[in-house]
file structure31.cif (mmCIF, C-alpha atoms, pLDDT in the B column; chains and numbers go by the auth columns)
data_target
loop_
_atom_site.group_PDB
_atom_site.id
_atom_site.type_symbol
_atom_site.label_atom_id
_atom_site.label_comp_id
_atom_site.label_asym_id
_atom_site.label_seq_id
_atom_site.Cartn_x
_atom_site.Cartn_y
_atom_site.Cartn_z
_atom_site.B_iso_or_equiv
_atom_site.auth_seq_id
_atom_site.auth_asym_id
ATOM 1 C CA MET A 1 5.287 11.970 -118.420 55.00 1 A
ATOM 2 C CA SER A 2 4.837 8.337 -117.427 61.00 2 A
ATOM 3 C CA ASN A 3 6.130 6.517 -114.360 74.00 3 A
ATOM 4 C CA VAL A 4 8.956 8.917 -113.690 80.00 4 A
ATOM 5 C CA LYS A 5 10.213 8.157 -110.201 82.00 5 A
ATOM 6 C CA THR A 6 10.677 11.625 -108.815 82.00 6 A
ATOM 7 C CA TYR A 7 12.286 12.026 -105.434 81.00 7 A
ATOM 8 C CA VAL A 8 9.736 12.777 -102.714 75.00 8 A
ATOM 9 C CA ARG A 9 11.534 13.895 -99.582 73.00 9 A
ATOM 10 C CA PRO A 10 10.187 12.100 -96.491 72.00 10 A
ATOM 11 C CA MET A 11 8.439 14.388 -94.036 72.00 11 A
ATOM 12 C CA GLY A 12 9.159 12.459 -90.888 70.00 12 A
ATOM 13 C CA SER A 13 11.178 14.497 -88.444 75.00 13 A
ATOM 14 C CA TRP A 14 12.256 17.619 -90.301 77.00 14 A
ATOM 15 C CA TRP A 15 11.023 19.755 -87.475 75.00 15 A
ATOM 16 C CA LEU A 16 13.240 18.218 -84.849 77.00 16 A
ATOM 17 C CA ARG A 17 16.232 19.513 -86.662 79.00 17 A
ATOM 18 C CA ASN A 18 16.377 23.021 -85.282 84.00 18 A
ATOM 19 C CA PRO A 19 14.745 25.112 -82.534 85.00 19 A
ATOM 20 C CA PHE A 20 12.962 27.446 -84.943 83.00 20 A
ATOM 21 C CA TYR A 21 11.171 24.495 -86.508 83.00 21 A
ATOM 22 C CA ARG A 22 10.398 23.008 -83.114 84.00 22 A
ATOM 23 C CA TRP A 23 8.783 26.212 -81.890 86.00 23 A
ATOM 24 C CA TYR A 24 6.806 26.298 -85.135 85.00 24 A
ATOM 25 C CA MET A 25 5.428 22.863 -84.323 84.00 25 A
ATOM 26 C CA VAL A 26 4.585 23.969 -80.766 87.00 26 A
ATOM 27 C CA ARG A 27 2.684 26.873 -82.273 86.00 27 A
ATOM 28 C CA GLU A 28 0.798 24.641 -84.651 84.00 28 A
ATOM 29 C CA SER A 29 0.008 22.093 -81.926 83.00 29 A
ATOM 30 C CA SER A 30 -1.788 24.803 -79.983 90.00 30 A
ATOM 31 C CA CYS A 31 -4.640 24.390 -82.458 91.00 31 A
ATOM 32 C CA VAL A 32 -5.334 20.888 -81.088 91.00 32 A
ATOM 33 C CA VAL A 33 -5.787 22.405 -77.651 92.00 33 A
ATOM 34 C CA ILE A 34 -8.102 25.090 -78.988 93.00 34 A
ATOM 35 C CA THR A 35 -10.245 22.467 -80.699 93.00 35 A
ATOM 36 C CA ALA A 36 -10.298 20.398 -77.507 93.00 36 A
ATOM 37 C CA TYR A 37 -11.369 23.403 -75.455 93.00 37 A
ATOM 38 C CA ALA A 38 -14.191 24.167 -77.878 93.00 38 A
ATOM 39 C CA VAL A 39 -15.332 20.546 -77.502 93.00 39 A
ATOM 40 C CA VAL A 40 -15.205 20.911 -73.699 93.00 40 A
ATOM 41 C CA LEU A 41 -17.467 23.970 -73.945 92.00 41 A
ATOM 42 C CA LEU A 42 -19.771 22.149 -76.349 93.00 42 A
ATOM 43 C CA CYS A 43 -20.049 19.258 -73.871 92.00 43 A
ATOM 44 C CA GLY A 44 -20.890 21.735 -71.142 91.00 44 A
ATOM 45 C CA LEU A 45 -23.616 23.186 -73.316 91.00 45 A
ATOM 46 C CA LEU A 46 -24.957 19.695 -73.988 92.00 46 A
ATOM 47 C CA ARG A 47 -25.015 18.928 -70.272 91.00 47 A
ATOM 48 C CA LEU A 48 -26.742 22.255 -69.643 89.00 48 A
ATOM 49 C CA ALA A 49 -29.466 21.260 -72.071 89.00 49 A
ATOM 50 C CA GLN A 50 -29.788 17.879 -70.393 89.00 50 A
ATOM 51 C CA GLY A 51 -30.777 19.340 -67.071 87.00 51 A
ATOM 52 C CA ARG A 52 -29.528 20.237 -63.617 89.00 52 A
ATOM 53 C CA LEU A 53 -28.236 16.799 -62.648 91.00 53 A
ATOM 54 C CA ALA A 54 -26.234 16.324 -65.835 91.00 54 A
ATOM 55 C CA PHE A 55 -24.810 19.837 -65.693 91.00 55 A
ATOM 56 C CA ASP A 56 -23.774 19.569 -62.042 91.00 56 A
ATOM 57 C CA ALA A 57 -22.054 16.280 -62.827 92.00 57 A
ATOM 58 C CA TRP A 58 -20.201 18.010 -65.659 92.00 58 A
ATOM 59 C CA ARG A 59 -19.130 20.787 -63.298 91.00 59 A
ATOM 60 C CA GLU A 60 -17.805 18.175 -60.896 90.00 60 A
ATOM 61 C CA SER A 61 -15.751 16.560 -63.632 91.00 61 A
ATOM 62 C CA LEU A 62 -14.422 20.007 -64.552 90.00 62 A
ATOM 63 C CA ALA A 63 -12.868 20.165 -61.079 90.00 63 A
ATOM 64 C CA SER A 64 -11.161 16.776 -61.438 91.00 64 A
ATOM 65 C CA PRO A 65 -7.335 16.676 -61.550 91.00 65 A
ATOM 66 C CA TRP A 66 -7.384 15.633 -65.217 92.00 66 A
ATOM 67 C CA ALA A 67 -9.594 18.540 -66.219 92.00 67 A
ATOM 68 C CA ILE A 68 -7.639 21.088 -64.207 92.00 68 A
ATOM 69 C CA GLY A 69 -4.420 19.609 -65.562 93.00 69 A
ATOM 70 C CA PHE A 70 -5.667 19.917 -69.130 93.00 70 A
ATOM 71 C CA HIS A 71 -6.638 23.556 -68.665 92.00 71 A
ATOM 72 C CA LEU A 72 -3.357 24.383 -66.926 93.00 72 A
ATOM 73 C CA VAL A 73 -1.463 22.902 -69.893 92.00 73 A
ATOM 74 C CA ALA A 74 -3.802 24.592 -72.367 93.00 74 A
ATOM 75 C CA LEU A 75 -3.272 28.010 -70.803 93.00 75 A
ATOM 76 C CA PRO A 76 0.394 28.595 -71.775 93.00 76 A
ATOM 77 C CA LEU A 77 -0.157 26.929 -75.150 93.00 77 A
ATOM 78 C CA VAL A 78 -3.065 29.178 -76.060 93.00 78 A
ATOM 79 C CA ALA A 79 -1.224 32.206 -74.675 92.00 79 A
ATOM 80 C CA TYR A 80 1.700 31.273 -76.952 92.00 80 A
ATOM 81 C CA HIS A 81 -0.785 30.873 -79.794 92.00 81 A
ATOM 82 C CA ALA A 82 -2.055 34.391 -79.147 92.00 82 A
ATOM 83 C CA TRP A 83 1.466 35.826 -79.006 91.00 83 A
ATOM 84 C CA THR A 84 2.566 34.151 -82.243 90.00 84 A
ATOM 85 C CA TRP A 85 -0.693 35.203 -83.911 90.00 85 A
ATOM 86 C CA PHE A 86 0.106 38.848 -83.380 91.00 86 A
ATOM 87 C CA LYS A 87 3.785 38.343 -84.131 89.00 87 A
ATOM 88 C CA VAL A 88 2.937 37.041 -87.594 88.00 88 A
ATOM 89 C CA MET A 89 0.115 39.540 -88.209 88.00 89 A
ATOM 90 C CA PRO A 90 2.362 41.992 -90.090 86.00 90 A
ATOM 91 C CA LYS A 91 2.775 39.226 -92.657 86.00 91 A
ATOM 92 C CA THR A 92 -0.854 38.104 -92.721 86.00 92 A
ATOM 93 C CA LEU A 93 -2.340 41.562 -93.052 84.00 93 A
ATOM 94 C CA PRO A 94 -2.256 43.506 -96.305 84.00 94 A
ATOM 95 C CA PHE A 95 -0.086 46.614 -96.261 82.00 95 A
ATOM 96 C CA ILE A 96 -1.866 49.430 -94.480 82.00 96 A
ATOM 97 C CA SER A 97 -0.773 52.984 -95.125 80.00 97 A
ATOM 98 C CA ILE A 98 -1.817 55.852 -92.948 81.00 98 A
ATOM 99 C CA ALA A 99 -1.102 59.393 -94.084 77.00 99 A
ATOM 100 C CA GLY A 100 1.327 58.185 -96.724 76.00 100 A
ATOM 101 C CA HIS A 101 3.434 55.985 -94.439 78.00 101 A
ATOM 102 C CA ARG A 102 3.102 52.231 -94.216 81.00 102 A
ATOM 103 C CA LEU A 103 1.998 50.985 -90.803 81.00 103 A
ATOM 104 C CA ALA A 104 5.101 49.614 -89.100 81.00 104 A
ATOM 105 C CA ASP A 105 5.348 45.936 -88.120 81.00 105 A
ATOM 106 C CA ARG A 106 6.031 46.863 -84.535 86.00 106 A
ATOM 107 C CA THR A 107 2.864 48.977 -84.345 86.00 107 A
ATOM 108 C CA ILE A 108 0.772 46.073 -85.553 87.00 108 A
ATOM 109 C CA ILE A 109 2.266 43.636 -83.055 90.00 109 A
ATOM 110 C CA VAL A 110 2.048 46.018 -80.111 91.00 110 A
ATOM 111 C CA SER A 111 -1.558 46.954 -80.961 90.00 111 A
ATOM 112 C CA GLY A 112 -2.487 43.295 -81.133 90.00 112 A
ATOM 113 C CA VAL A 113 -0.913 42.429 -77.804 92.00 113 A
ATOM 114 C CA VAL A 114 -2.466 45.483 -76.139 93.00 114 A
ATOM 115 C CA ALA A 115 -5.859 44.511 -77.579 92.00 115 A
ATOM 116 C CA ALA A 116 -5.460 40.974 -76.254 92.00 116 A
ATOM 117 C CA ILE A 117 -4.525 42.189 -72.780 93.00 117 A
ATOM 118 C CA ALA A 118 -7.445 44.638 -72.799 93.00 118 A
ATOM 119 C CA ALA A 119 -9.861 41.947 -73.985 92.00 119 A
ATOM 120 C CA SER A 120 -8.602 39.549 -71.300 92.00 120 A
ATOM 121 C CA ILE A 121 -9.088 42.147 -68.573 93.00 121 A
ATOM 122 C CA LEU A 122 -12.568 42.914 -69.922 92.00 122 A
ATOM 123 C CA VAL A 123 -13.555 39.250 -69.878 90.00 123 A
ATOM 124 C CA PHE A 124 -12.271 38.785 -66.352 90.00 124 A
ATOM 125 C CA LEU A 125 -13.992 41.924 -65.081 90.00 125 A
ATOM 126 C CA ALA A 126 -17.248 40.965 -66.791 88.00 126 A
ATOM 127 C CA VAL A 127 -17.242 37.707 -64.867 87.00 127 A
ATOM 128 C CA PHE A 128 -15.797 39.130 -61.650 86.00 128 A
ATOM 129 C CA MET A 129 -18.359 41.922 -61.406 85.00 129 A
ATOM 130 C CA ASN A 130 -21.185 39.444 -61.857 81.00 130 A
ATOM 131 C CA VAL A 131 -20.253 36.788 -59.340 79.00 131 A
ATOM 132 C CA PRO A 132 -23.024 35.632 -57.037 76.00 132 A
ATOM 133 C CA ARG A 133 -22.974 37.267 -53.633 72.00 133 A
ATOM 134 C CA VAL A 134 -22.061 34.696 -51.021 61.00 134 A
ATOM 135 C CA SER A 135 -24.005 35.452 -47.855 51.00 135 A
ATOM 136 C CA PRO A 136 -21.613 35.609 -44.896 45.00 136 A
ATOM 137 C CA MET B 1 -8.301 36.117 -83.957 83.00 1 B
ATOM 138 C CA LEU B 2 -10.996 35.603 -81.309 87.00 2 B
ATOM 139 C CA SER B 3 -9.013 32.782 -79.757 88.00 3 B
ATOM 140 C CA ALA B 4 -5.957 35.029 -79.612 88.00 4 B
ATOM 141 C CA LEU B 5 -7.902 37.815 -77.891 90.00 5 B
ATOM 142 C CA VAL B 6 -10.035 35.943 -75.361 91.00 6 B
ATOM 143 C CA GLY B 7 -8.800 32.346 -75.503 91.00 7 B
ATOM 144 C CA PRO B 8 -6.310 32.403 -72.638 92.00 8 B
ATOM 145 C CA MET B 9 -8.579 34.294 -70.214 92.00 9 B
ATOM 146 C CA LEU B 10 -11.598 32.109 -71.049 92.00 10 B
ATOM 147 C CA ILE B 11 -9.571 28.976 -70.419 92.00 11 B
ATOM 148 C CA PHE B 12 -8.328 30.423 -67.141 92.00 12 B
ATOM 149 C CA VAL B 13 -11.797 31.446 -65.970 91.00 13 B
ATOM 150 C CA THR B 14 -13.783 28.381 -67.011 91.00 14 B
ATOM 151 C CA GLY B 15 -11.103 25.748 -66.607 90.00 15 B
ATOM 152 C CA VAL B 16 -9.014 26.852 -63.648 90.00 16 B
ATOM 153 C CA ALA B 17 -10.454 29.731 -61.630 89.00 17 B
ATOM 154 C CA VAL B 18 -14.125 28.771 -61.279 87.00 18 B
ATOM 155 C CA PRO B 19 -13.701 24.978 -60.834 87.00 19 B
ATOM 156 C CA LEU B 20 -11.098 25.602 -58.121 88.00 20 B
ATOM 157 C CA GLY B 21 -12.895 28.564 -56.606 86.00 21 B
ATOM 158 C CA PHE B 22 -9.704 30.559 -57.164 86.00 22 B
ATOM 159 C CA LEU B 23 -10.344 34.334 -57.458 85.00 23 B
ATOM 160 C CA LEU B 24 -13.883 33.501 -58.555 86.00 24 B
ATOM 161 C CA PRO B 25 -16.440 31.487 -56.598 85.00 25 B
ATOM 162 C CA ARG B 26 -17.443 28.036 -57.822 85.00 26 B
ATOM 163 C CA GLU B 27 -21.050 29.154 -58.048 84.00 27 B
ATOM 164 C CA THR B 28 -20.198 31.512 -60.918 86.00 28 B
ATOM 165 C CA MET B 29 -20.957 28.677 -63.323 86.00 29 B
ATOM 166 C CA SER B 30 -23.889 27.177 -61.459 87.00 30 B
ATOM 167 C CA TYR B 31 -26.742 25.596 -63.394 87.00 31 B
ATOM 168 C CA ASP B 32 -29.154 28.462 -62.757 87.00 32 B
ATOM 169 C CA ARG B 33 -26.643 31.143 -63.670 87.00 33 B
ATOM 170 C CA MET B 34 -25.537 29.393 -66.865 88.00 34 B
ATOM 171 C CA LEU B 35 -29.148 28.843 -67.857 88.00 35 B
ATOM 172 C CA ALA B 36 -29.813 32.545 -67.326 87.00 36 B
ATOM 173 C CA PHE B 37 -26.682 33.372 -69.342 88.00 37 B
ATOM 174 C CA VAL B 38 -27.706 31.404 -72.426 88.00 38 B
ATOM 175 C CA ASP B 39 -31.259 32.625 -72.066 87.00 39 B
ATOM 176 C CA ARG B 40 -30.186 36.073 -73.173 86.00 40 B
ATOM 177 C CA GLY B 41 -29.436 36.828 -76.823 85.00 41 B
ATOM 178 C CA PHE B 42 -25.975 38.080 -75.938 87.00 42 B
ATOM 179 C CA GLY B 43 -25.171 34.874 -74.080 88.00 43 B
ATOM 180 C CA LYS B 44 -26.293 32.730 -76.986 90.00 44 B
ATOM 181 C CA LEU B 45 -24.260 34.776 -79.440 91.00 45 B
ATOM 182 C CA ALA B 46 -21.150 34.705 -77.251 91.00 46 B
ATOM 183 C CA MET B 47 -21.422 30.944 -76.791 91.00 47 B
ATOM 184 C CA LEU B 48 -21.966 30.339 -80.485 92.00 48 B
ATOM 185 C CA LEU B 49 -19.096 32.586 -81.574 93.00 49 B
ATOM 186 C CA VAL B 50 -16.601 31.100 -79.136 93.00 50 B
ATOM 187 C CA ILE B 51 -17.460 27.456 -79.798 93.00 51 B
ATOM 188 C CA SER B 52 -17.907 27.758 -83.546 93.00 52 B
ATOM 189 C CA LEU B 53 -14.940 30.013 -84.275 93.00 53 B
ATOM 190 C CA PHE B 54 -12.586 28.064 -82.005 93.00 54 B
ATOM 191 C CA LEU B 55 -13.679 24.848 -83.736 92.00 55 B
ATOM 192 C CA PHE B 56 -13.152 26.251 -87.213 92.00 56 B
ATOM 193 C CA HIS B 57 -9.831 27.841 -86.391 92.00 57 B
ATOM 194 C CA GLY B 58 -8.502 24.786 -84.561 91.00 58 B
ATOM 195 C CA LEU B 59 -9.645 22.219 -87.108 91.00 59 B
ATOM 196 C CA HIS B 60 -8.524 24.341 -90.049 90.00 60 B
ATOM 197 C CA ARG B 61 -5.038 24.589 -88.615 89.00 61 B
ATOM 198 C CA MET B 62 -5.015 20.907 -87.749 89.00 62 B
ATOM 199 C CA TYR B 63 -5.854 20.169 -91.363 88.00 63 B
ATOM 200 C CA HIS B 64 -2.929 22.241 -92.604 85.00 64 B
ATOM 201 C CA CYS B 65 -0.651 20.645 -89.984 85.00 65 B
ATOM 202 C CA LEU B 66 -1.229 17.255 -91.544 83.00 66 B
ATOM 203 C CA HIS B 67 1.049 18.242 -94.375 79.00 67 B
ATOM 204 C CA ASP B 68 3.753 19.214 -91.874 78.00 68 B
ATOM 205 C CA LEU B 69 3.513 15.730 -90.438 79.00 69 B
ATOM 206 C CA GLY B 70 3.903 14.099 -93.819 76.00 70 B
ATOM 207 C CA ILE B 71 0.277 13.065 -94.274 78.00 71 B
ATOM 208 C CA HIS B 72 -0.945 13.625 -97.809 77.00 72 B
ATOM 209 C CA VAL B 73 -3.983 15.825 -97.791 77.00 73 B
ATOM 210 C CA GLY B 74 -6.735 16.037 -100.321 77.00 74 B
ATOM 211 C CA ALA B 75 -10.309 17.110 -100.751 79.00 75 B
ATOM 212 C CA GLY B 76 -11.510 14.174 -98.646 85.00 76 B
ATOM 213 C CA LEU B 77 -9.580 15.076 -95.514 85.00 77 B
ATOM 214 C CA LYS B 78 -10.431 18.725 -95.997 87.00 78 B
ATOM 215 C CA ALA B 79 -14.111 17.781 -95.988 88.00 79 B
ATOM 216 C CA VAL B 80 -13.630 15.720 -92.819 88.00 80 B
ATOM 217 C CA PHE B 81 -11.956 18.470 -90.819 89.00 81 B
ATOM 218 C CA HIS B 82 -14.159 21.309 -91.948 90.00 82 B
ATOM 219 C CA GLY B 83 -17.161 18.995 -91.780 90.00 83 B
ATOM 220 C CA LEU B 84 -16.406 18.377 -88.108 91.00 84 B
ATOM 221 C CA ALA B 85 -16.307 22.111 -87.511 91.00 85 B
ATOM 222 C CA ILE B 86 -19.632 22.527 -89.295 93.00 86 B
ATOM 223 C CA ALA B 87 -21.127 19.619 -87.321 92.00 87 B
ATOM 224 C CA GLY B 88 -19.966 21.194 -84.067 92.00 88 B
ATOM 225 C CA THR B 89 -21.462 24.532 -85.072 92.00 89 B
ATOM 226 C CA VAL B 90 -24.787 22.942 -86.014 93.00 90 B
ATOM 227 C CA ALA B 91 -24.844 21.027 -82.717 92.00 91 B
ATOM 228 C CA CYS B 92 -24.125 24.251 -80.868 91.00 92 B
ATOM 229 C CA ILE B 93 -26.957 26.095 -82.615 91.00 93 B
ATOM 230 C CA TYR B 94 -29.346 23.229 -81.948 90.00 94 B
ATOM 231 C CA LEU B 95 -28.412 23.088 -78.262 90.00 95 B
ATOM 232 C CA LEU B 96 -28.713 26.853 -77.871 89.00 96 B
ATOM 233 C CA THR B 97 -32.225 26.807 -79.257 87.00 97 B
ATOM 234 C CA THR B 98 -33.380 23.869 -77.144 85.00 98 B
ATOM 235 C CA VAL B 99 -31.662 24.597 -73.840 81.00 99 B
ATOM 236 C CA GLY B 100 -33.981 25.568 -71.035 62.00 100 B
ATOM 237 C CA ARG B 101 -37.130 24.406 -72.739 55.00 101 B
#

call {"tool": "encode", "arguments": {"input": "structure31.cif", "output": "structure tokens"}}
result
Amino acid sequence: MSNVKTYVRPMGSWWLRNPFYRWYMVRESSCVVITAYAVVLLCGLLRLAQGRLAFDAWRESLASPWAIGFHLVALPLVAYHAWTWFKVMPKTLPFISIAGHRLADRTIIVSGVVAAIAASILVFLAVFMNVPRVSP
Amino acid sequence: MLSALVGPMLIFVTGVAVPLGFLLPRETMSYDRMLAFVDRGFGKLAMLLVISLFLFHGLHRMYHCLHDLGIHVGAGLKAVFHGLAIAGTVACIYLLTTVGR
């Protein structure tokens, strides 16, 4: 097997070719946003460790149009990421049988979405119930 | 999985609601309150899990996306992407242990 010129199909724009592929790429691009968000949090932690002045400056930058814009764009992307995660979970999980019947795909997806909604509400409530009291 | 469960709400709370004072006051993430949050074991754990797991998940998927974009991947690139996630995790742990001292 020496110097055989096998055909290697170029990978340039295969995903532009049909909507299913394009949505796949949107789904995969959500991971860039998730990484970026983790870096934002890490920066915040760094600023927290650097002291009050640094952290307050970071908070200010978090309110800038660019930062708000980034988070507003990230929100639907990560929500789509969550949705597609649960949509594909029937394929990523091993078969689960309960009482002799295999767990249906729909059950898995619905449970996942319900869990995500519940977790989101929990997170919001945890923050909301602990907000500082603003003296009138 | 964690990013699917709490990702959207966390982004909304920390990136939109609190900075704008929308539904939640701006002081929710004040210096003193955040310091108190990471002072507790639960706060440290939550911070570490979110940052580290989001980093690993995001970078791992980015690594596999390279192939979709036609970039040839190998052990080297794998080490870079996962190395970045490990570096981020180590930085996070270091910061969590030194914050507030």

call {"tool": "resolve_selection", "arguments": {"input": "structure31.cif", "expression": "the PyMOL selection byres ((chain B and resi 51) around 12)", "output": "PyMOL selection string"}}
result
(chain A and resi 34-45) or (chain B and resi 2-3+7+10+44-50+52-59+85-93+95-96)

call {"tool": "residues_near_point", "arguments": {"input": "structure31.cif", "point": "(-19.0, 27.1, -58.0)", "cutoff": "12 Å", "atoms": "only C-alpha atoms", "output": "VMD selection string"}}
result
(chain A and resid 56 58 to 60 62 to 63 131 to 134) or (chain B and resid 13 to 34)

call {"tool": "atom_distance", "arguments": {"input": "structure31.cif", "atom1": "atom CA of Ile121 of chain A", "atom2": "atom CA of Pro76 of chain A"}}
result
16.8 Å

call {"tool": "atom_distance", "arguments": {"input": "structure31.cif", "atom1": "atom CA of Ser120 of chain A", "atom2": "atom CA of Val6 of chain B"}}
result
5.6 Å

call {"tool": "closest_residue", "arguments": {"input": "structure31.cif", "among": "B:Thr98, B:Leu5, B:Asp39, B:Tyr63", "to": "Gly83 of chain B", "atoms": "all atoms listed in the file"}}
result
B:Tyr63

call {"tool": "atom_distance", "arguments": {"input": "structure31.cif", "atom1": "atom CA of Val78 of chain A", "atom2": "atom CA of Tyr21 of chain A"}}
result
18.3 Å

call {"tool": "closest_residue", "arguments": {"input": "structure31.cif", "among": "A:Ala126, A:Ile108, A:Leu16, A:Ala116", "to": "chain B", "atoms": "only C-alpha atoms"}}
result
A:Ala116

call {"tool": "residues_around", "arguments": {"input": "structure31.cif", "residues": "Tyr24 of chain A", "least_positions_apart": "6", "cutoff": "12 Å", "atoms": "all atoms listed in the file", "output": "list of chain:residue names"}}
result
A:Trp14, A:Trp15, A:Leu16, A:Arg17, A:Asn18, A:Ser30, A:Cys31, A:Tyr80, A:His81, A:Thr84, A:Trp85, A:Val88, B:Cys65, B:Asp68

call {"tool": "closest_residue", "arguments": {"input": "structure31.cif", "among": "A:Leu46, A:Trp83, A:Arg52, A:Pro65", "to": "Val110 of chain A", "atoms": "only C-alpha atoms"}}
result
A:Trp83

call {"tool": "residues_near_point", "arguments": {"input": "structure31.cif", "point": "(-3.9, 28.8, -67.0)", "cutoff": "8 Å", "atoms": "all atoms listed in the file", "output": "PDB file with C-alpha atoms, in the frame of the given file"}}
result
ATOM      1  CA  HIS A  71      -6.638  23.556 -68.665  1.00 92.00           C
ATOM      2  CA  LEU A  72      -3.357  24.383 -66.926  1.00 93.00           C
ATOM      3  CA  VAL A  73      -1.463  22.902 -69.893  1.00 92.00           C
ATOM      4  CA  ALA A  74      -3.802  24.592 -72.367  1.00 93.00           C
ATOM      5  CA  LEU A  75      -3.272  28.010 -70.803  1.00 93.00           C
ATOM      6  CA  PRO A  76       0.394  28.595 -71.775  1.00 93.00           C
TER       7      PRO A  76
ATOM      8  CA  PRO B   8      -6.310  32.403 -72.638  1.00 92.00           C
ATOM      9  CA  MET B   9      -8.579  34.294 -70.214  1.00 92.00           C
ATOM     10  CA  ILE B  11      -9.571  28.976 -70.419  1.00 92.00           C
ATOM     11  CA  PHE B  12      -8.328  30.423 -67.141  1.00 92.00           C
ATOM     12  CA  GLY B  15     -11.103  25.748 -66.607  1.00 90.00           C
ATOM     13  CA  VAL B  16      -9.014  26.852 -63.648  1.00 90.00           C
TER      14      VAL B  16
END

call {"tool": "closest_residue", "arguments": {"input": "structure31.cif", "among": "B:Tyr94, B:Val80, B:Ala75, B:Ala4", "to": "chain A", "atoms": "all atoms listed in the file"}}
result
B:Ala4

call {"tool": "closest_residue", "arguments": {"input": "structure31.cif", "among": "B:His60, B:Arg40, B:His72, B:His67", "to": "Val99 of chain B", "atoms": "all atoms listed in the file"}}
result
B:Arg40

call {"tool": "closest_residue", "arguments": {"input": "structure31.cif", "among": "A:Val26, A:Ala119, A:Val33, A:Ala49", "to": "Phe70 of chain A", "atoms": "all atoms listed in the file"}}
result
A:Val33

call {"tool": "resolve_selection", "arguments": {"input": "structure31.cif", "expression": "the PyMOL selection byres ((chain A and resi 91) around 12)", "output": "list in words"}}
result
Thr84, Trp85, Phe86, Lys87, Val88, Met89, Pro90, Thr92, Leu93, Pro94, Phe95, Ile96, Leu103, Ala104, Asp105, Arg106, Ile108 and Ile109 of chain A
